Structures are given as structure tokens and as C-alpha cells.
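A.B. asks: Sharing model.cif (mmCIF, C-alpha atoms and all ligand atoms) below.
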data_work
#
loop_
_atom_site.label_atom_id
_atom_site.label_comp_id
_atom_site.auth_asym_id
_atom_site.auth_seq_id
_atom_site.Cartn_x
_atom_site.Cartn_y
_atom_site.Cartn_z
CA MET B 1355 128.72 48.53 123.82
CA PRO B 1356 126.51 50.31 126.37
CA VAL B 1357 125.66 53.92 125.58
CA THR B 1358 125.61 56.55 128.32
CA LEU B 1359 123.25 59.45 127.74
CA THR B 1360 121.11 61.91 129.66
CA LEU B 1361 117.39 61.30 129.45
CA ASN B 1362 114.99 63.82 130.94
CA GLY B 1363 117.79 65.12 133.14
CA GLU B 1364 118.95 61.71 134.43
CA SER B 1365 122.05 59.82 133.39
CA ARG B 1366 121.16 56.45 131.83
CA VAL B 1367 123.24 53.57 130.54
CA ILE B 1368 121.49 51.67 127.75
CA ASP B 1369 122.76 48.34 126.53
CA ALA B 1370 121.13 47.42 123.22
CA ASP B 1371 122.00 46.99 119.57
CA PRO B 1372 123.52 50.31 118.41
CA GLN B 1373 121.27 50.17 115.33
CA THR B 1374 118.14 50.31 117.49
CA PRO B 1375 116.09 53.45 116.78
CA LEU B 1376 115.78 55.74 119.80
CA LEU B 1377 111.99 55.52 119.50
CA TRP B 1378 112.13 51.79 120.24
CA ILE B 1379 114.43 52.38 123.21
CA LEU B 1380 112.08 54.99 124.62
CA ARG B 1381 108.84 53.07 124.17
CA ASP B 1382 109.84 49.41 124.47
CA THR B 1383 112.91 49.43 126.70
CA LEU B 1384 112.10 52.36 128.98
CA GLY B 1385 108.29 52.44 128.84
CA LEU B 1386 108.15 56.12 127.88
CA THR B 1387 105.12 55.81 125.62
CA GLY B 1388 104.35 59.53 125.33
CA THR B 1389 106.53 59.58 122.21
CA LYS B 1390 104.46 58.05 119.41
CA PHE B 1391 105.20 55.82 116.44
CA GLY B 1392 103.58 57.14 113.29
CA CYS B 1393 105.38 56.47 110.02
CA GLY B 1394 108.81 55.22 111.11
CA ILE B 1395 110.48 57.07 108.21
CA ALA B 1396 110.86 60.67 109.48
CA GLN B 1397 107.78 61.90 107.62
CA CYS B 1398 105.14 62.58 110.29
CA GLY B 1399 106.77 64.06 113.40
CA ALA B 1400 104.83 61.90 115.88
CA CYS B 1401 108.10 60.60 117.36
CA THR B 1402 109.70 64.02 117.92
CA VAL B 1403 111.98 64.43 120.94
CA HIS B 1404 114.62 67.05 121.73
CA LEU B 1405 118.19 65.93 121.10
CA ASP B 1406 120.55 68.47 122.66
CA GLY B 1407 117.61 70.90 122.52
CA VAL B 1408 116.82 70.36 118.84
CA PRO B 1409 113.56 68.72 117.68
CA THR B 1410 114.59 65.34 116.29
CA ARG B 1411 112.77 62.34 114.79
CA SER B 1412 113.50 59.50 117.20
CA CYS B 1413 112.41 56.86 114.64
CA GLN B 1414 115.46 57.71 112.52
CA THR B 1415 117.94 58.35 115.36
CA TYR B 1416 120.05 55.39 116.37
CA LEU B 1417 121.29 54.43 119.80
CA GLY B 1418 124.87 54.04 118.60
CA ASP B 1419 125.00 57.76 117.71
CA LEU B 1420 123.84 58.95 121.13
CA GLU B 1421 126.86 58.56 123.40
CA GLY B 1422 126.88 61.66 125.66
CA ALA B 1423 123.69 63.09 124.15
CA SER B 1424 120.96 64.83 126.09
CA ILE B 1425 117.44 63.74 125.21
CA THR B 1426 114.17 65.21 126.41
CA THR B 1427 110.84 63.50 125.81
CA ILE B 1428 107.33 64.80 126.43
CA GLU B 1429 107.49 63.22 129.91
CA GLY B 1430 110.48 65.37 130.89
CA LEU B 1431 109.60 68.61 129.11
CA GLU B 1432 109.64 71.12 131.97
CA THR B 1433 110.52 74.63 130.80
CA PRO B 1434 108.65 77.98 130.91
CA ALA B 1435 107.97 77.62 127.18
CA ALA B 1436 106.58 74.13 127.72
CA ALA B 1437 104.30 75.35 130.54
CA ALA B 1438 103.00 78.16 128.33
CA ILE B 1439 102.44 75.75 125.43
CA ARG B 1440 100.57 73.26 127.62
CA ALA B 1441 98.38 76.03 129.09
CA ALA B 1442 97.57 77.41 125.62
CA TRP B 1443 96.87 73.89 124.29
CA THR B 1444 94.37 73.37 127.12
CA GLU B 1445 92.79 76.81 126.79
CA LEU B 1446 92.19 76.45 123.05
CA ASP B 1447 91.35 72.74 123.22
CA VAL B 1448 93.92 71.94 120.53
CA PRO B 1449 94.01 68.11 120.44
CA GLN B 1450 91.39 66.07 118.65
CA CYS B 1451 92.39 62.39 118.78
CA GLY B 1452 95.67 63.48 120.40
CA TYR B 1453 97.94 61.04 118.62
CA CYS B 1454 100.24 63.62 117.04
CA GLN B 1455 100.16 66.06 119.91
CA SER B 1456 103.23 65.15 121.93
CA GLY B 1457 105.27 65.58 118.75
CA GLN B 1458 103.49 68.87 118.05
CA ILE B 1459 104.24 70.11 121.58
CA MET B 1460 107.91 69.13 121.32
CA ALA B 1461 108.22 71.09 118.06
CA ALA B 1462 106.24 74.09 119.33
CA THR B 1463 108.24 74.29 122.56
CA ALA B 1464 111.53 74.27 120.67
CA LEU B 1465 110.22 77.03 118.41
CA LEU B 1466 109.24 79.26 121.34
CA SER B 1467 112.56 78.64 123.08
CA GLU B 1468 114.37 79.92 119.97
CA THR B 1469 111.84 82.51 118.77
CA PRO B 1470 109.78 83.97 121.62
CA LYS B 1471 107.48 85.96 119.28
CA PRO B 1472 107.04 83.82 116.15
CA THR B 1473 105.19 85.03 113.08
CA ASP B 1474 102.73 82.82 111.18
CA ALA B 1475 105.56 82.09 108.73
CA ASP B 1476 107.90 81.11 111.59
CA ILE B 1477 105.23 78.77 112.95
CA ASP B 1478 104.49 77.23 109.56
CA ALA B 1479 108.21 76.63 108.96
CA ALA B 1480 108.85 75.12 112.39
CA MET B 1481 105.74 72.92 112.42
CA ASP B 1482 105.90 71.89 108.76
CA GLY B 1483 107.07 68.33 109.40
CA ASN B 1484 104.48 67.55 112.10
CA VAL B 1485 101.48 65.95 110.45
CA CYS B 1486 98.06 65.90 112.11
CA ARG B 1487 95.51 63.54 110.60
CA CYS B 1488 92.75 65.43 112.45
CA ALA B 1489 93.91 68.73 110.87
CA THR B 1490 94.26 70.72 114.08
CA TYR B 1491 96.71 73.07 112.36
CA ALA B 1492 94.70 76.27 112.81
CA ARG B 1493 94.32 75.69 116.55
CA ILE B 1494 98.00 74.78 116.87
CA ARG B 1495 98.98 78.05 115.23
CA SER B 1496 96.60 80.05 117.49
CA ALA B 1497 97.88 78.23 120.57
CA ILE B 1498 101.50 79.00 119.74
CA HIS B 1499 100.62 82.69 119.45
CA LEU B 1500 98.73 82.48 122.77
CA ALA B 1501 101.68 80.73 124.45
CA ALA B 1502 104.01 83.47 123.19
CA GLU B 1503 101.70 86.07 124.79
CA LYS B 1504 101.64 84.10 128.04
CA LEU B 1505 105.43 83.92 128.10
CA GLU B 1506 105.68 87.64 127.50
CA GLY B 1507 103.52 88.13 130.62
S1 LIG O 1 107.34 58.04 113.41
FE1 LIG O 1 109.12 59.28 113.27
S2 LIG O 1 108.58 60.85 111.89
FE2 LIG O 1 106.89 59.49 111.82
S1 LIG O 2 95.01 65.37 116.90
FE1 LIG O 2 94.62 63.54 115.80
S2 LIG O 2 96.41 63.25 114.66
FE2 LIG O 2 96.63 65.23 115.45
#
What's the C-alpha cells form of this structure?
C.D. replies:
Amino acid sequence: MPVTLTLNGESRVIDADPQTPLLWILRDTLGLTGTKFGCGIAQCGACTVHLDGVPTRSCQTYLGDLEGASITTIEGLETPAAAAIRAAWTELDVPQCGYCQSGQIMAATALLSETPKPTDADIDAAMDGNVCRCATYARIRSAIHLAAEKLEG
């Protein structure tokens, strides 16, 4: 049965097997390749999207559970927190290979939306499940602090 959901602010009807992971729908059906496939088993965070505002692993989220849901991917992430995160990421040159970074930005943006002035411990807790094989963790932490300052004005 087709599933109706909101994707990056637009209503979409998606007709596919309800057991299809959202990550496959995004990348293969809709061509939204900013969300990455890493492990496929909810262990790396590369596939993170926002599901009703909450960072969620799209590799372990199934189409059949998404009727009426609101999903935001890196392509549709347009909030003040996201702008501050992107600016800080650029200023501090955070990405190395870049593969994990859309997932990192999705997690960091959700953190700042909930906690405008996060501590190191807040950052470590929120970013814990987002693995970076290039080990950009120190720059990610600095960039989240910088983004918080930017948001504060
Ligand atoms: S691909 Fe989903 S958490 Fe790794
Ligand atoms: S920047 Fe290379 S995996 Fe994170």
C-alpha cells in the first residue's frame, strides 16, 4: 500500500515494499544521495536523517512505518541551526574525506536545536553514534561550539 509522508517539506506518496529501508527509498527511488550508506546496521550514523525532528538511522527505518511521518534529509535541512553548523563546518574545515559528514551535520543540527549551548559532554553524548573513519571528532566538537556562538549572535 502506498505510504504518504512529508519529505523535505513536500508531501510524497511512495509505493514500494513496506519492508524497504528508508535509506534505499531516499537514494535509489528518489535520487537523494546526500544520505550515505555506511554499515546498514545502525552502527555508523552515515545514514542519519531527521524523522519528526529526531536524528534517525534511515538504514533501519522501514517504509511501512512512515505513514504520515515528516522526514528531513541533508538536502532539505534549512534551519538557523543548520546554517550556523554549515558555516562553522566551512570555517574550521571539518570534513576530511566527507563521507560521514552529512550524518554528522544532521546529528549536530538536531543537538543545537534542542540544546543551544551544549557542553563537551552534551556534544559527546549526541554525536556518539556517528563514526568518522578520518577521525575528525576534535574539529566536529570545535565546530559545534562555534556554531552555538554564531547562533547566539
Ligand atoms: S548505514 Fe545506517 S547507521 Fe550505518
Ligand atoms: S570525514 Fe572521512 S569518514 Fe568522516
A.B. asks: Please enclose the listed atoms of ligand LIG 2 (chain O) in an axis-aligned box, pad each side by 5 Å, and write out the centre and the three edge lengths in Å, rounded to one decimal, as AutoDock Vina command-line options.
C.D. replies:
--center_x 95.6 --center_y 64.3 --center_z 115.8 --size_x 12.0 --size_y 12.1 --size_z 12.2
A.B. asks: With all atoms listed in the file as the basis for distance, which of B:Gln1397, B:Thr1358, B:Ser1424, B:Thr1473 is at the shortest distance from ligand LIG 1 (chain O)?
C.D. replies: B:Gln1397
A.B. asks: Can you work out which one of B:Cys1454, B:Leu1465, B:Leu1361, B:Met1355 has the shortest atom-to-atom distance to ligand LIG 1 (chain O), counting all atoms listed in the file?
C.D. replies: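 Looking at the shortest contact to ligand LIG 1 (chain O), the residue is B:Cys1454.
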A.B. asks: Counting all atoms listed in the file, which residues of chain B sit at most 6 Å from some atom of ligand LIG 2 (chain O), and what is each one's closest atom pair with its distance in Å to one decimal, listed by chain and rising residue number, as CSV?
C.D. replies:
residue,atom,partner,partner_atom,distance
B:Pro1449,CA,O:LIG2,S1,4.6
B:Gln1450,CA,O:LIG2,S1,4.1
B:Cys1451,CA,O:LIG2,FE1,3.9
B:Gly1452,CA,O:LIG2,S1,4.0
B:Tyr1453,CA,O:LIG2,S2,4.8
B:Cys1454,CA,O:LIG2,FE2,4.3
B:Gln1455,CA,O:LIG2,FE2,5.7
B:Cys1486,CA,O:LIG2,FE2,3.7
B:Arg1487,CA,O:LIG2,S2,4.2
B:Cys1488,CA,O:LIG2,FE1,4.3
A.B. asks: Go ahead and compute the interatomic distance for CA of Lys1471 in chain B and CA of His1499 in chain B, in Å to one decimal.
C.D. replies: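 If I compute the distance from CA of Lys1471 in chain B to CA of His1499 in chain B, I get 7.6 Å.
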A.B. asks: Counting only C-alpha atoms and all ligand atoms, which protein, DNA or RNA residues come within 9 Å of ligand LIG 1 (chain O), given as a PyMOL selection string?
C.D. replies: chain B and resi 1377+1389-1402+1410-1414+1457+1483-1485
A.B. asks: Neighbours of Glu1421 in chain B within 9 Å (only C-alpha atoms; same-chain residues fewer than 6 positions away dropped), as an mmCIF file with C-alpha atoms, keeping the file's coordinate frame?
C.D. replies:
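Writing the result to around.cif gives the following:
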data_model
loop_
_atom_site.group_PDB
_atom_site.id
_atom_site.type_symbol
_atom_site.label_atom_id
_atom_site.label_comp_id
_atom_site.auth_asym_id
_atom_site.auth_seq_id
_atom_site.Cartn_x
_atom_site.Cartn_y
_atom_site.Cartn_z
ATOM 1 C CA PRO B 1356 126.510 50.310 126.370
ATOM 2 C CA VAL B 1357 125.660 53.920 125.580
ATOM 3 C CA THR B 1358 125.610 56.550 128.320
ATOM 4 C CA LEU B 1359 123.250 59.450 127.740
#
A.B. asks: List the spatial neighbours of Ile1498 in chain B as a count of residues only - criterion: any atom at most 10 Å away, only C-alpha atoms, same-chain residues fewer than 5 positions off excluded.
C.D. replies: 20
A.B. asks: Nearest residue to Glu1429 in chain B out of B:Thr1415, B:Ser1496, B:Ser1456, B:Thr1490, using all atoms listed in the file?
C.D. replies: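 Looking at the shortest contact to Glu1429 in chain B, the residue is B:Ser1456.
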A.B. asks: Report the distance between CA of Ile1425 in chain B and CA of Ile1379 in chain B in Å, rounded to one decimal place.
C.D. replies: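 Spanning CA of Ile1425 in chain B to CA of Ile1379 in chain B is a straight-line distance of 11.9 Å.
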A.B. asks: Quote the spacing between CA of Asp1419 in chain B and CA of Pro1372 in chain B in Å to one decimal place.
C.D. replies: 7.6 Å
A.B. asks: May I ask which of the residues B:Val1448, B:Ile1368, B:Pro1409, B:Pro1434 is the closest one to Gly1507 in chain B, counting all atoms listed in the file?
C.D. replies: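 Checking each candidate against Gly1507 in chain B, we get B:Pro1434 as the closest.
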A.B. asks: Can you pull out every residue within 6 Å of Thr1374 in chain B, counting only C-alpha atoms, but drop anything in the same chain fewer than 3 positions away, and send it as a list in words?
C.D. replies: Asp1371, Tyr1416 and Leu1417 of chain B
A.B. asks: Restricting the calculation to all atoms listed in the file, which member of B:Gly1363, B:Leu1500, B:Pro1375, B:Thr1444 is positioned closest to Leu1431 in chain B?
C.D. replies: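 Closest to Leu1431 in chain B of all the choices is B:Gly1363.
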